[in-house]
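Reproduced below: structure17.pdb, with PDB, N, CA and C atoms.
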ATOM      1  N   MET K   1      -2.208  31.361  -6.942  1.00  0.00           N
ATOM      2  CA  MET K   1      -1.938  29.933  -6.847  1.00  0.00           C
ATOM      3  C   MET K   1      -2.784  29.221  -7.915  1.00  0.00           C
ATOM      4  N   SER K   2      -2.157  28.371  -8.680  1.00  0.00           N
ATOM      5  CA  SER K   2      -2.861  27.675  -9.754  1.00  0.00           C
ATOM      6  C   SER K   2      -3.644  26.485  -9.209  1.00  0.00           C
ATOM      7  N   ILE K   3      -4.603  26.006 -10.012  1.00  0.00           N
ATOM      8  CA  ILE K   3      -5.383  24.818  -9.651  1.00  0.00           C
ATOM      9  C   ILE K   3      -4.453  23.633  -9.468  1.00  0.00           C
ATOM     10  N   GLN K   4      -3.460  23.496 -10.367  1.00  0.00           N
ATOM     11  CA  GLN K   4      -2.528  22.371 -10.269  1.00  0.00           C
ATOM     12  C   GLN K   4      -1.745  22.437  -8.960  1.00  0.00           C
ATOM     13  N   SER K   5      -1.344  23.639  -8.548  1.00  0.00           N
ATOM     14  CA  SER K   5      -0.618  23.805  -7.300  1.00  0.00           C
ATOM     15  C   SER K   5      -1.489  23.402  -6.109  1.00  0.00           C
ATOM     16  N   ILE K   6      -2.759  23.787  -6.137  1.00  0.00           N
ATOM     17  CA  ILE K   6      -3.680  23.407  -5.064  1.00  0.00           C
ATOM     18  C   ILE K   6      -3.827  21.891  -5.027  1.00  0.00           C
ATOM     19  N   HIS K   7      -3.979  21.268  -6.193  1.00  0.00           N
ATOM     20  CA  HIS K   7      -4.115  19.817  -6.292  1.00  0.00           C
ATOM     21  C   HIS K   7      -2.911  19.130  -5.646  1.00  0.00           C
ATOM     22  N   HIS K   8      -1.710  19.652  -5.873  1.00  0.00           N
ATOM     23  CA  HIS K   8      -0.495  19.048  -5.319  1.00  0.00           C
ATOM     24  C   HIS K   8      -0.442  19.180  -3.808  1.00  0.00           C
ATOM     25  N   ASP K   9      -1.014  20.255  -3.260  1.00  0.00           N
ATOM     26  CA  ASP K   9      -0.999  20.451  -1.821  1.00  0.00           C
ATOM     27  C   ASP K   9      -2.005  19.544  -1.115  1.00  0.00           C
ATOM     28  N   VAL K  10      -3.106  19.214  -1.779  1.00  0.00           N
ATOM     29  CA  VAL K  10      -4.169  18.436  -1.162  1.00  0.00           C
ATOM     30  C   VAL K  10      -3.970  16.942  -1.370  1.00  0.00           C
ATOM     31  N   ILE K  11      -3.642  16.543  -2.580  1.00  0.00           N
ATOM     32  CA  ILE K  11      -3.509  15.123  -2.922  1.00  0.00           C
ATOM     33  C   ILE K  11      -2.034  14.812  -3.148  1.00  0.00           C
ATOM     34  N   ARG K  12      -1.492  13.911  -2.359  1.00  0.00           N
ATOM     35  CA  ARG K  12      -0.079  13.554  -2.499  1.00  0.00           C
ATOM     36  C   ARG K  12       0.117  12.435  -3.522  1.00  0.00           C
ATOM     37  N   TYR K  13      -0.781  11.445  -3.546  1.00  0.00           N
ATOM     38  CA  TYR K  13      -0.674  10.318  -4.478  1.00  0.00           C
ATOM     39  C   TYR K  13      -1.918  10.266  -5.350  1.00  0.00           C
ATOM     40  N   ASP K  14      -1.713   9.910  -6.602  1.00  0.00           N
ATOM     41  CA  ASP K  14      -2.816   9.792  -7.547  1.00  0.00           C
ATOM     42  C   ASP K  14      -2.558   8.555  -8.404  1.00  0.00           C
ATOM     43  N   ILE K  15      -3.474   8.267  -9.329  1.00  0.00           N
ATOM     44  CA  ILE K  15      -3.314   7.101 -10.200  1.00  0.00           C
ATOM     45  C   ILE K  15      -3.306   7.536 -11.654  1.00  0.00           C
ATOM     46  N   ARG K  16      -2.649   6.736 -12.474  1.00  0.00           N
ATOM     47  CA  ARG K  16      -2.652   6.947 -13.923  1.00  0.00           C
ATOM     48  C   ARG K  16      -2.646   5.589 -14.604  1.00  0.00           C
ATOM     49  N   ARG K  17      -3.179   5.559 -15.795  1.00  0.00           N
ATOM     50  CA  ARG K  17      -3.281   4.328 -16.583  1.00  0.00           C
ATOM     51  C   ARG K  17      -1.877   3.874 -16.984  1.00  0.00           C
ATOM     52  N   ASP K  18      -1.631   2.575 -16.924  1.00  0.00           N
ATOM     53  CA  ASP K  18      -0.391   2.007 -17.458  1.00  0.00           C
ATOM     54  C   ASP K  18      -0.761   0.863 -18.401  1.00  0.00           C
ATOM     55  N   ARG K  19       0.221   0.162 -18.924  1.00  0.00           N
ATOM     56  CA  ARG K  19      -0.047  -0.906 -19.904  1.00  0.00           C
ATOM     57  C   ARG K  19      -0.846  -2.068 -19.340  1.00  0.00           C
ATOM     58  N   ALA K  20      -0.658  -2.340 -18.056  1.00  0.00           N
ATOM     59  CA  ALA K  20      -1.289  -3.524 -17.454  1.00  0.00           C
ATOM     60  C   ALA K  20      -2.424  -3.172 -16.498  1.00  0.00           C
ATOM     61  N   GLY K  21      -2.734  -1.905 -16.325  1.00  0.00           N
ATOM     62  CA  GLY K  21      -3.781  -1.491 -15.385  1.00  0.00           C
ATOM     63  C   GLY K  21      -3.572  -0.057 -14.960  1.00  0.00           C
ATOM     64  N   TRP K  22      -3.337   0.131 -13.646  1.00  0.00           N
ATOM     65  CA  TRP K  22      -3.184   1.473 -13.077  1.00  0.00           C
ATOM     66  C   TRP K  22      -1.952   1.540 -12.199  1.00  0.00           C
ATOM     67  N   THR K  23      -1.287   2.695 -12.209  1.00  0.00           N
ATOM     68  CA  THR K  23      -0.092   2.962 -11.409  1.00  0.00           C
ATOM     69  C   THR K  23      -0.415   4.022 -10.374  1.00  0.00           C
ATOM     70  N   VAL K  24       0.074   3.837  -9.154  1.00  0.00           N
ATOM     71  CA  VAL K  24      -0.027   4.846  -8.107  1.00  0.00           C
ATOM     72  C   VAL K  24       1.293   5.624  -8.129  1.00  0.00           C
ATOM     73  N   TYR K  25       1.203   6.956  -8.163  1.00  0.00           N
ATOM     74  CA  TYR K  25       2.414   7.761  -8.230  1.00  0.00           C
ATOM     75  C   TYR K  25       2.330   8.970  -7.310  1.00  0.00           C
ATOM     76  N   ASP K  26       3.496   9.495  -6.949  1.00  0.00           N
ATOM     77  CA  ASP K  26       3.630  10.685  -6.121  1.00  0.00           C
ATOM     78  C   ASP K  26       3.414  11.901  -7.010  1.00  0.00           C
ATOM     79  N   VAL K  27       2.387  12.685  -6.729  1.00  0.00           N
ATOM     80  CA  VAL K  27       2.047  13.841  -7.550  1.00  0.00           C
ATOM     81  C   VAL K  27       3.177  14.866  -7.551  1.00  0.00           C
ATOM     82  N   ARG K  28       3.883  15.004  -6.440  1.00  0.00           N
ATOM     83  CA  ARG K  28       4.944  16.024  -6.329  1.00  0.00           C
ATOM     84  C   ARG K  28       6.182  15.666  -7.139  1.00  0.00           C
ATOM     85  N   SER K  29       6.590  14.401  -7.084  1.00  0.00           N
ATOM     86  CA  SER K  29       7.840  14.015  -7.742  1.00  0.00           C
ATOM     87  C   SER K  29       7.640  13.227  -9.031  1.00  0.00           C
ATOM     88  N   GLY K  30       6.453  12.637  -9.210  1.00  0.00           N
ATOM     89  CA  GLY K  30       6.206  11.774 -10.362  1.00  0.00           C
ATOM     90  C   GLY K  30       6.676  10.347 -10.156  1.00  0.00           C
ATOM     91  N   ALA K  31       7.305  10.075  -9.001  1.00  0.00           N
ATOM     92  CA  ALA K  31       7.833   8.736  -8.715  1.00  0.00           C
ATOM     93  C   ALA K  31       6.693   7.750  -8.462  1.00  0.00           C
ATOM     94  N   ILE K  32       6.893   6.516  -8.880  1.00  0.00           N
ATOM     95  CA  ILE K  32       5.918   5.456  -8.635  1.00  0.00           C
ATOM     96  C   ILE K  32       5.959   5.095  -7.155  1.00  0.00           C
ATOM     97  N   ALA K  33       4.779   4.919  -6.554  1.00  0.00           N
ATOM     98  CA  ALA K  33       4.692   4.540  -5.146  1.00  0.00           C
ATOM     99  C   ALA K  33       5.229   3.122  -4.960  1.00  0.00           C
ATOM    100  N   VAL K  34       5.877   2.917  -3.818  1.00  0.00           N
ATOM    101  CA  VAL K  34       6.435   1.614  -3.462  1.00  0.00           C
ATOM    102  C   VAL K  34       5.935   1.258  -2.070  1.00  0.00           C
ATOM    103  N   ILE K  35       5.380   0.061  -1.935  1.00  0.00           N
ATOM    104  CA  ILE K  35       4.953  -0.444  -0.628  1.00  0.00           C
ATOM    105  C   ILE K  35       5.635  -1.783  -0.422  1.00  0.00           C
ATOM    106  N   ASP K  36       6.373  -1.868   0.681  1.00  0.00           N
ATOM    107  CA  ASP K  36       7.077  -3.106   1.018  1.00  0.00           C
ATOM    108  C   ASP K  36       7.947  -3.570  -0.151  1.00  0.00           C
ATOM    109  N   GLU K  37       8.655  -2.610  -0.756  1.00  0.00           N
ATOM    110  CA  GLU K  37       9.580  -2.842  -1.865  1.00  0.00           C
ATOM    111  C   GLU K  37       8.897  -3.318  -3.145  1.00  0.00           C
ATOM    112  N   VAL K  38       7.588  -3.084  -3.283  1.00  0.00           N
ATOM    113  CA  VAL K  38       6.848  -3.483  -4.477  1.00  0.00           C
ATOM    114  C   VAL K  38       6.303  -2.233  -5.156  1.00  0.00           C
ATOM    115  N   LEU K  39       6.679  -2.043  -6.430  1.00  0.00           N
ATOM    116  CA  LEU K  39       6.143  -0.927  -7.203  1.00  0.00           C
ATOM    117  C   LEU K  39       4.637  -1.099  -7.347  1.00  0.00           C
ATOM    118  N   GLN K  40       3.903  -0.038  -7.165  1.00  0.00           N
ATOM    119  CA  GLN K  40       2.447  -0.086  -7.246  1.00  0.00           C
ATOM    120  C   GLN K  40       2.013   0.191  -8.692  1.00  0.00           C
ATOM    121  N   VAL K  41       2.191  -0.815  -9.536  1.00  0.00           N
ATOM    122  CA  VAL K  41       1.869  -0.735 -10.964  1.00  0.00           C
ATOM    123  C   VAL K  41       1.011  -1.934 -11.364  1.00  0.00           C
ATOM    124  N   GLY K  42       0.273  -1.776 -12.465  1.00  0.00           N
ATOM    125  CA  GLY K  42      -0.517  -2.876 -12.987  1.00  0.00           C
ATOM    126  C   GLY K  42      -1.677  -3.278 -12.093  1.00  0.00           C
ATOM    127  N   LEU K  43      -2.173  -2.354 -11.302  1.00  0.00           N
ATOM    128  CA  LEU K  43      -3.245  -2.648 -10.353  1.00  0.00           C
ATOM    129  C   LEU K  43      -4.617  -2.449 -10.994  1.00  0.00           C
ATOM    130  N   ALA K  44      -5.622  -3.102 -10.431  1.00  0.00           N
ATOM    131  CA  ALA K  44      -7.003  -2.824 -10.815  1.00  0.00           C
ATOM    132  C   ALA K  44      -7.304  -1.392 -10.376  1.00  0.00           C
ATOM    133  N   MET K  45      -8.203  -0.720 -11.079  1.00  0.00           N
ATOM    134  CA  MET K  45      -8.488   0.682 -10.785  1.00  0.00           C
ATOM    135  C   MET K  45      -8.934   0.880  -9.335  1.00  0.00           C
ATOM    136  N   ASP K  46      -9.824   0.036  -8.831  1.00  0.00           N
ATOM    137  CA  ASP K  46     -10.312   0.166  -7.448  1.00  0.00           C
ATOM    138  C   ASP K  46      -9.174   0.016  -6.443  1.00  0.00           C
ATOM    139  N   GLU K  47      -8.297  -0.949  -6.702  1.00  0.00           N
ATOM    140  CA  GLU K  47      -7.164  -1.188  -5.801  1.00  0.00           C
ATOM    141  C   GLU K  47      -6.202  -0.006  -5.834  1.00  0.00           C
ATOM    142  N   ALA K  48      -5.879   0.475  -7.027  1.00  0.00           N
ATOM    143  CA  ALA K  48      -4.966   1.615  -7.158  1.00  0.00           C
ATOM    144  C   ALA K  48      -5.534   2.846  -6.464  1.00  0.00           C
ATOM    145  N   ASP K  49      -6.822   3.081  -6.628  1.00  0.00           N
ATOM    146  CA  ASP K  49      -7.472   4.220  -5.999  1.00  0.00           C
ATOM    147  C   ASP K  49      -7.415   4.106  -4.479  1.00  0.00           C
ATOM    148  N   ALA K  50      -7.643   2.913  -3.949  1.00  0.00           N
ATOM    149  CA  ALA K  50      -7.578   2.696  -2.500  1.00  0.00           C
ATOM    150  C   ALA K  50      -6.161   2.915  -1.971  1.00  0.00           C
ATOM    151  N   VAL K  51      -5.167   2.442  -2.715  1.00  0.00           N
ATOM    152  CA  VAL K  51      -3.769   2.632  -2.307  1.00  0.00           C
ATOM    153  C   VAL K  51      -3.428   4.114  -2.311  1.00  0.00           C
ATOM    154  N   ALA K  52      -3.795   4.826  -3.374  1.00  0.00           N
ATOM    155  CA  ALA K  52      -3.509   6.266  -3.472  1.00  0.00           C
ATOM    156  C   ALA K  52      -4.174   7.028  -2.329  1.00  0.00           C
ATOM    157  N   ASP K  53      -5.424   6.704  -2.040  1.00  0.00           N
ATOM    158  CA  ASP K  53      -6.126   7.372  -0.943  1.00  0.00           C
ATOM    159  C   ASP K  53      -5.447   7.101   0.390  1.00  0.00           C
ATOM    160  N   ALA K  54      -5.073   5.846   0.627  1.00  0.00           N
ATOM    161  CA  ALA K  54      -4.426   5.482   1.891  1.00  0.00           C
ATOM    162  C   ALA K  54      -3.082   6.183   2.039  1.00  0.00           C
ATOM    163  N   LEU K  55      -2.298   6.215   0.982  1.00  0.00           N
ATOM    164  CA  LEU K  55      -0.991   6.865   1.051  1.00  0.00           C
ATOM    165  C   LEU K  55      -1.128   8.379   1.188  1.00  0.00           C
ATOM    166  N   SER K  56      -2.142   8.965   0.558  1.00  0.00           N
ATOM    167  CA  SER K  56      -2.347  10.410   0.621  1.00  0.00           C
ATOM    168  C   SER K  56      -2.773  10.869   2.006  1.00  0.00           C
ATOM    169  N   THR K  57      -3.414  10.007   2.765  1.00  0.00           N
ATOM    170  CA  THR K  57      -3.884  10.383   4.097  1.00  0.00           C
ATOM    171  C   THR K  57      -2.991   9.827   5.200  1.00  0.00           C
ATOM    172  N   GLU K  58      -1.849   9.298   4.828  1.00  0.00           N
ATOM    173  CA  GLU K  58      -0.916   8.700   5.786  1.00  0.00           C
ATOM    174  C   GLU K  58      -0.489   9.717   6.835  1.00  0.00           C
ATOM    175  N   ILE K  59      -0.581   9.336   8.092  1.00  0.00           N
ATOM    176  CA  ILE K  59      -0.075  10.139   9.197  1.00  0.00           C
ATOM    177  C   ILE K  59       1.368   9.708   9.427  1.00  0.00           C
ATOM    178  N   PRO K  60       2.307  10.655   9.510  1.00  0.00           N
ATOM    179  CA  PRO K  60       3.698  10.259   9.748  1.00  0.00           C
ATOM    180  C   PRO K  60       3.806   9.370  10.988  1.00  0.00           C
ATOM    181  N   PRO K  61       4.519   8.224  10.879  1.00  0.00           N
ATOM    182  CA  PRO K  61       4.632   7.289  12.002  1.00  0.00           C
ATOM    183  C   PRO K  61       5.130   7.942  13.283  1.00  0.00           C
ATOM    184  N   ALA K  62       5.983   8.965  13.190  1.00  0.00           N
ATOM    185  CA  ALA K  62       6.518   9.615  14.387  1.00  0.00           C
ATOM    186  C   ALA K  62       5.415  10.305  15.185  1.00  0.00           C
ATOM    187  N   SER K  63       4.293  10.637  14.539  1.00  0.00           N
ATOM    188  CA  SER K  63       3.198  11.316  15.221  1.00  0.00           C
ATOM    189  C   SER K  63       2.496  10.414  16.227  1.00  0.00           C
ATOM    190  N   PHE K  64       2.472   9.117  15.948  1.00  0.00           N
ATOM    191  CA  PHE K  64       1.784   8.159  16.809  1.00  0.00           C
ATOM    192  C   PHE K  64       2.667   6.944  17.041  1.00  0.00           C
ATOM    193  N   PRO K  65       3.644   7.048  17.942  1.00  0.00           N
ATOM    194  CA  PRO K  65       4.538   5.923  18.181  1.00  0.00           C
ATOM    195  C   PRO K  65       3.762   4.668  18.591  1.00  0.00           C
ATOM    196  N   GLY K  66       4.166   3.541  18.036  1.00  0.00           N
ATOM    197  CA  GLY K  66       3.543   2.279  18.372  1.00  0.00           C
ATOM    198  C   GLY K  66       2.324   1.938  17.538  1.00  0.00           C
ATOM    199  N   MET K  67       1.838   2.871  16.732  1.00  0.00           N
ATOM    200  CA  MET K  67       0.675   2.602  15.880  1.00  0.00           C
ATOM    201  C   MET K  67       1.142   2.252  14.478  1.00  0.00           C
ATOM    202  N   ALA K  68       0.464   1.301  13.864  1.00  0.00           N
ATOM    203  CA  ALA K  68       0.785   0.913  12.494  1.00  0.00           C
ATOM    204  C   ALA K  68       0.301   1.991  11.534  1.00  0.00           C
ATOM    205  N   PRO K  69       1.014   2.200  10.421  1.00  0.00           N
ATOM    206  CA  PRO K  69       0.551   3.160   9.423  1.00  0.00           C
ATOM    207  C   PRO K  69      -0.824   2.754   8.904  1.00  0.00           C
ATOM    208  N   ARG K  70      -1.577   3.708   8.408  1.00  0.00           N
ATOM    209  CA  ARG K  70      -2.929   3.446   7.916  1.00  0.00           C
ATOM    210  C   ARG K  70      -2.958   2.454   6.768  1.00  0.00           C
ATOM    211  N   PHE K  71      -1.885   2.392   5.982  1.00  0.00           N
ATOM    212  CA  PHE K  71      -1.895   1.496   4.831  1.00  0.00           C
ATOM    213  C   PHE K  71      -1.275   0.138   5.155  1.00  0.00           C
ATOM    214  N   ALA K  72      -1.126  -0.179   6.419  1.00  0.00           N
ATOM    215  CA  ALA K  72      -0.471  -1.442   6.800  1.00  0.00           C
ATOM    216  C   ALA K  72      -1.212  -2.665   6.255  1.00  0.00           C
ATOM    217  N   TRP K  73      -2.524  -2.580   6.068  1.00  0.00           N
ATOM    218  CA  TRP K  73      -3.265  -3.746   5.555  1.00  0.00           C
ATOM    219  C   TRP K  73      -2.820  -4.122   4.159  1.00  0.00           C
ATOM    220  N   PHE K  74      -2.199  -3.191   3.422  1.00  0.00           N
ATOM    221  CA  PHE K  74      -1.680  -3.527   2.103  1.00  0.00           C
ATOM    222  C   PHE K  74      -0.421  -4.387   2.221  1.00  0.00           C
ATOM    223  N   GLN K  75       0.244  -4.307   3.366  1.00  0.00           N
ATOM    224  CA  GLN K  75       1.511  -4.992   3.548  1.00  0.00           C
ATOM    225  C   GLN K  75       1.354  -6.353   4.219  1.00  0.00           C
ATOM    226  N   ASP K  76       0.227  -6.590   4.854  1.00  0.00           N
ATOM    227  CA  ASP K  76       0.043  -7.858   5.558  1.00  0.00           C
ATOM    228  C   ASP K  76       0.030  -9.026   4.575  1.00  0.00           C
ATOM    229  N   PRO K  77       0.709 -10.120   4.928  1.00  0.00           N
ATOM    230  CA  PRO K  77       0.660 -11.292   4.044  1.00  0.00           C
ATOM    231  C   PRO K  77      -0.738 -11.904   4.032  1.00  0.00           C
ATOM    232  N   ALA K  78      -1.071 -12.539   2.955  1.00  0.00           N
ATOM    233  CA  ALA K  78      -2.377 -13.215   2.846  1.00  0.00           C
ATOM    234  C   ALA K  78      -2.421 -14.346   3.852  1.00  0.00           C
ATOM    235  N   ARG K  79      -3.577 -14.549   4.437  1.00  0.00           N
ATOM    236  CA  ARG K  79      -3.746 -15.627   5.398  1.00  0.00           C
ATOM    237  C   ARG K  79      -4.490 -16.775   4.720  1.00  0.00           C
ATOM    238  N   PRO K  80      -4.052 -18.006   5.001  1.00  0.00           N
ATOM    239  CA  PRO K  80      -4.716 -19.167   4.377  1.00  0.00           C
ATOM    240  C   PRO K  80      -6.147 -19.348   4.846  1.00  0.00           C
TER     241      PRO K  80
END

What do you get writing this file as structure tokens?
Amino acid sequence: MSIQSIHHDVIRYDIRRDRAGWTVYDVRSGAIAVIDEVLQVGLAMDEADAVADALSTEIPPASFPGMAPRFAWFQDPARP
């Protein structure tokens, strides 16, 4: 098993530099992560890293009915 293969099994989402900041992407497919229909691109490095970590550790919703996903705080609207 290669190092890259191990990396793909452990980390599902990672970040890469883009023109406007950082992009969160799916390591397995290369697809850009989407939260609440918003592409996760052009983010500050700290924010992108937090999103990638949250998505990588996501517990499938079916495992805990009635519980919000771990990354739900990214989806909450800003409060005045």

With the file shown as input, list the residues that the PyMOL selection byres ((chain K and resi 12-16) around 6.5) selects, as an MDAnalysis selection string.
chainID K and resid 7:11 17:18 21:28 48:49 52:53 55:56

Expressed in Å to a single decimal, how great is the separation between atom N of Ala54 (chain K) and CA of Ala33 (chain K)?
11.4 Å

With only C-alpha atoms as the counted atoms, please give the residues lying no more than 8 Å from Ala20 (chain K), apart from itself and same-chain residues fewer than 3 positions off, as a compact mmCIF listing (two decimals) with N, CA and C atoms, in the frame of the given file.
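Dumped to around.txt:
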# COMPACT_ATOMS: atom_id res chain seq x y z
N VAL K 41 2.19 -0.82 -9.54
CA VAL K 41 1.87 -0.74 -10.96
C VAL K 41 1.01 -1.93 -11.36
N GLY K 42 0.27 -1.78 -12.46
CA GLY K 42 -0.52 -2.88 -12.99
C GLY K 42 -1.68 -3.28 -12.09
N LEU K 43 -2.17 -2.35 -11.30
CA LEU K 43 -3.24 -2.65 -10.35
C LEU K 43 -4.62 -2.45 -10.99

Expressed in Å to a single decimal, how great is the separation between atom C of Arg19 (chain K) and CA of Ala44 (chain K)?
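Interatomic distance, atom C of Arg19 (chain K) to CA of Ala44 (chain K): 10.5 Å.
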
Provide the CA of Ala31 (chain K) to CA of Val51 (chain K) distance in Å, to one decimal place.
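Here the two named atoms are 14.6 Å from each other.
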
Could you work out an axis-aligned box for region 39-58 of chain K, taking every atom the file lists and adding 8 Å on each side, and report centre and edge lengths in Å to one decimal, as AutoDock Vina command-line options?
--center_x -1.8 --center_y 3.8 --center_z -3.1 --size_x 33.0 --size_y 30.1 --size_z 35.8

Because some atoms of region 11-31 of chain K are absent here, can you restore N, CA, C and O atoms and send them as a PDB file, keeping the file's coordinate frame?
ATOM      1  N   ILE K  11      -3.642  16.543  -2.580  1.00  0.00           N
ATOM      2  CA  ILE K  11      -3.509  15.123  -2.922  1.00  0.00           C
ATOM      3  C   ILE K  11      -2.034  14.812  -3.148  1.00  0.00           C
ATOM      4  O   ILE K  11      -1.407  15.385  -4.025  1.00  0.00           O
ATOM      5  N   ARG K  12      -1.492  13.911  -2.359  1.00  0.00           N
ATOM      6  CA  ARG K  12      -0.079  13.554  -2.499  1.00  0.00           C
ATOM      7  C   ARG K  12       0.117  12.435  -3.522  1.00  0.00           C
ATOM      8  O   ARG K  12       1.083  12.432  -4.271  1.00  0.00           O
ATOM      9  N   TYR K  13      -0.781  11.445  -3.546  1.00  0.00           N
ATOM     10  CA  TYR K  13      -0.674  10.318  -4.478  1.00  0.00           C
ATOM     11  C   TYR K  13      -1.918  10.266  -5.350  1.00  0.00           C
ATOM     12  O   TYR K  13      -3.018  10.521  -4.889  1.00  0.00           O
ATOM     13  N   ASP K  14      -1.713   9.910  -6.602  1.00  0.00           N
ATOM     14  CA  ASP K  14      -2.816   9.792  -7.547  1.00  0.00           C
ATOM     15  C   ASP K  14      -2.558   8.555  -8.404  1.00  0.00           C
ATOM     16  O   ASP K  14      -1.548   7.874  -8.226  1.00  0.00           O
ATOM     17  N   ILE K  15      -3.474   8.267  -9.329  1.00  0.00           N
ATOM     18  CA  ILE K  15      -3.314   7.101 -10.200  1.00  0.00           C
ATOM     19  C   ILE K  15      -3.306   7.536 -11.654  1.00  0.00           C
ATOM     20  O   ILE K  15      -3.843   8.586 -12.003  1.00  0.00           O
ATOM     21  N   ARG K  16      -2.649   6.736 -12.474  1.00  0.00           N
ATOM     22  CA  ARG K  16      -2.652   6.947 -13.923  1.00  0.00           C
ATOM     23  C   ARG K  16      -2.646   5.589 -14.604  1.00  0.00           C
ATOM     24  O   ARG K  16      -2.176   4.594 -14.060  1.00  0.00           O
ATOM     25  N   ARG K  17      -3.179   5.559 -15.795  1.00  0.00           N
ATOM     26  CA  ARG K  17      -3.281   4.328 -16.583  1.00  0.00           C
ATOM     27  C   ARG K  17      -1.877   3.874 -16.984  1.00  0.00           C
ATOM     28  O   ARG K  17      -1.031   4.691 -17.327  1.00  0.00           O
ATOM     29  N   ASP K  18      -1.631   2.575 -16.924  1.00  0.00           N
ATOM     30  CA  ASP K  18      -0.391   2.007 -17.458  1.00  0.00           C
ATOM     31  C   ASP K  18      -0.761   0.863 -18.401  1.00  0.00           C
ATOM     32  O   ASP K  18      -1.935   0.629 -18.663  1.00  0.00           O
ATOM     33  N   ARG K  19       0.221   0.162 -18.924  1.00  0.00           N
ATOM     34  CA  ARG K  19      -0.047  -0.906 -19.904  1.00  0.00           C
ATOM     35  C   ARG K  19      -0.846  -2.068 -19.340  1.00  0.00           C
ATOM     36  O   ARG K  19      -1.602  -2.713 -20.053  1.00  0.00           O
ATOM     37  N   ALA K  20      -0.658  -2.340 -18.056  1.00  0.00           N
ATOM     38  CA  ALA K  20      -1.289  -3.524 -17.454  1.00  0.00           C
ATOM     39  C   ALA K  20      -2.424  -3.172 -16.498  1.00  0.00           C
ATOM     40  O   ALA K  20      -3.000  -4.057 -15.890  1.00  0.00           O
ATOM     41  N   GLY K  21      -2.734  -1.905 -16.325  1.00  0.00           N
ATOM     42  CA  GLY K  21      -3.781  -1.491 -15.385  1.00  0.00           C
ATOM     43  C   GLY K  21      -3.572  -0.057 -14.960  1.00  0.00           C
ATOM     44  O   GLY K  21      -3.574   0.852 -15.781  1.00  0.00           O
ATOM     45  N   TRP K  22      -3.337   0.131 -13.646  1.00  0.00           N
ATOM     46  CA  TRP K  22      -3.184   1.473 -13.077  1.00  0.00           C
ATOM     47  C   TRP K  22      -1.952   1.540 -12.199  1.00  0.00           C
ATOM     48  O   TRP K  22      -1.604   0.577 -11.525  1.00  0.00           O
ATOM     49  N   THR K  23      -1.287   2.695 -12.209  1.00  0.00           N
ATOM     50  CA  THR K  23      -0.092   2.962 -11.409  1.00  0.00           C
ATOM     51  C   THR K  23      -0.415   4.022 -10.374  1.00  0.00           C
ATOM     52  O   THR K  23      -1.081   5.008 -10.679  1.00  0.00           O
ATOM     53  N   VAL K  24       0.074   3.837  -9.154  1.00  0.00           N
ATOM     54  CA  VAL K  24      -0.027   4.846  -8.107  1.00  0.00           C
ATOM     55  C   VAL K  24       1.293   5.624  -8.129  1.00  0.00           C
ATOM     56  O   VAL K  24       2.364   5.027  -8.132  1.00  0.00           O
ATOM     57  N   TYR K  25       1.203   6.956  -8.163  1.00  0.00           N
ATOM     58  CA  TYR K  25       2.414   7.761  -8.230  1.00  0.00           C
ATOM     59  C   TYR K  25       2.330   8.970  -7.310  1.00  0.00           C
ATOM     60  O   TYR K  25       1.251   9.412  -6.932  1.00  0.00           O
ATOM     61  N   ASP K  26       3.496   9.495  -6.949  1.00  0.00           N
ATOM     62  CA  ASP K  26       3.630  10.685  -6.121  1.00  0.00           C
ATOM     63  C   ASP K  26       3.414  11.901  -7.010  1.00  0.00           C
ATOM     64  O   ASP K  26       4.169  12.113  -7.967  1.00  0.00           O
ATOM     65  N   VAL K  27       2.387  12.685  -6.729  1.00  0.00           N
ATOM     66  CA  VAL K  27       2.047  13.841  -7.550  1.00  0.00           C
ATOM     67  C   VAL K  27       3.177  14.866  -7.551  1.00  0.00           C
ATOM     68  O   VAL K  27       3.443  15.505  -8.564  1.00  0.00           O
ATOM     69  N   ARG K  28       3.883  15.004  -6.440  1.00  0.00           N
ATOM     70  CA  ARG K  28       4.944  16.024  -6.329  1.00  0.00           C
ATOM     71  C   ARG K  28       6.182  15.666  -7.139  1.00  0.00           C
ATOM     72  O   ARG K  28       6.770  16.509  -7.787  1.00  0.00           O
ATOM     73  N   SER K  29       6.590  14.401  -7.084  1.00  0.00           N
ATOM     74  CA  SER K  29       7.840  14.015  -7.742  1.00  0.00           C
ATOM     75  C   SER K  29       7.640  13.227  -9.031  1.00  0.00           C
ATOM     76  O   SER K  29       8.556  13.104  -9.830  1.00  0.00           O
ATOM     77  N   GLY K  30       6.453  12.637  -9.210  1.00  0.00           N
ATOM     78  CA  GLY K  30       6.206  11.774 -10.362  1.00  0.00           C
ATOM     79  C   GLY K  30       6.676  10.347 -10.156  1.00  0.00           C
ATOM     80  O   GLY K  30       6.480   9.493 -11.008  1.00  0.00           O
ATOM     81  N   ALA K  31       7.305  10.075  -9.001  1.00  0.00           N
ATOM     82  CA  ALA K  31       7.833   8.736  -8.715  1.00  0.00           C
ATOM     83  C   ALA K  31       6.693   7.750  -8.462  1.00  0.00           C
ATOM     84  O   ALA K  31       5.666   8.097  -7.876  1.00  0.00           O
TER      85      ALA K  31
END
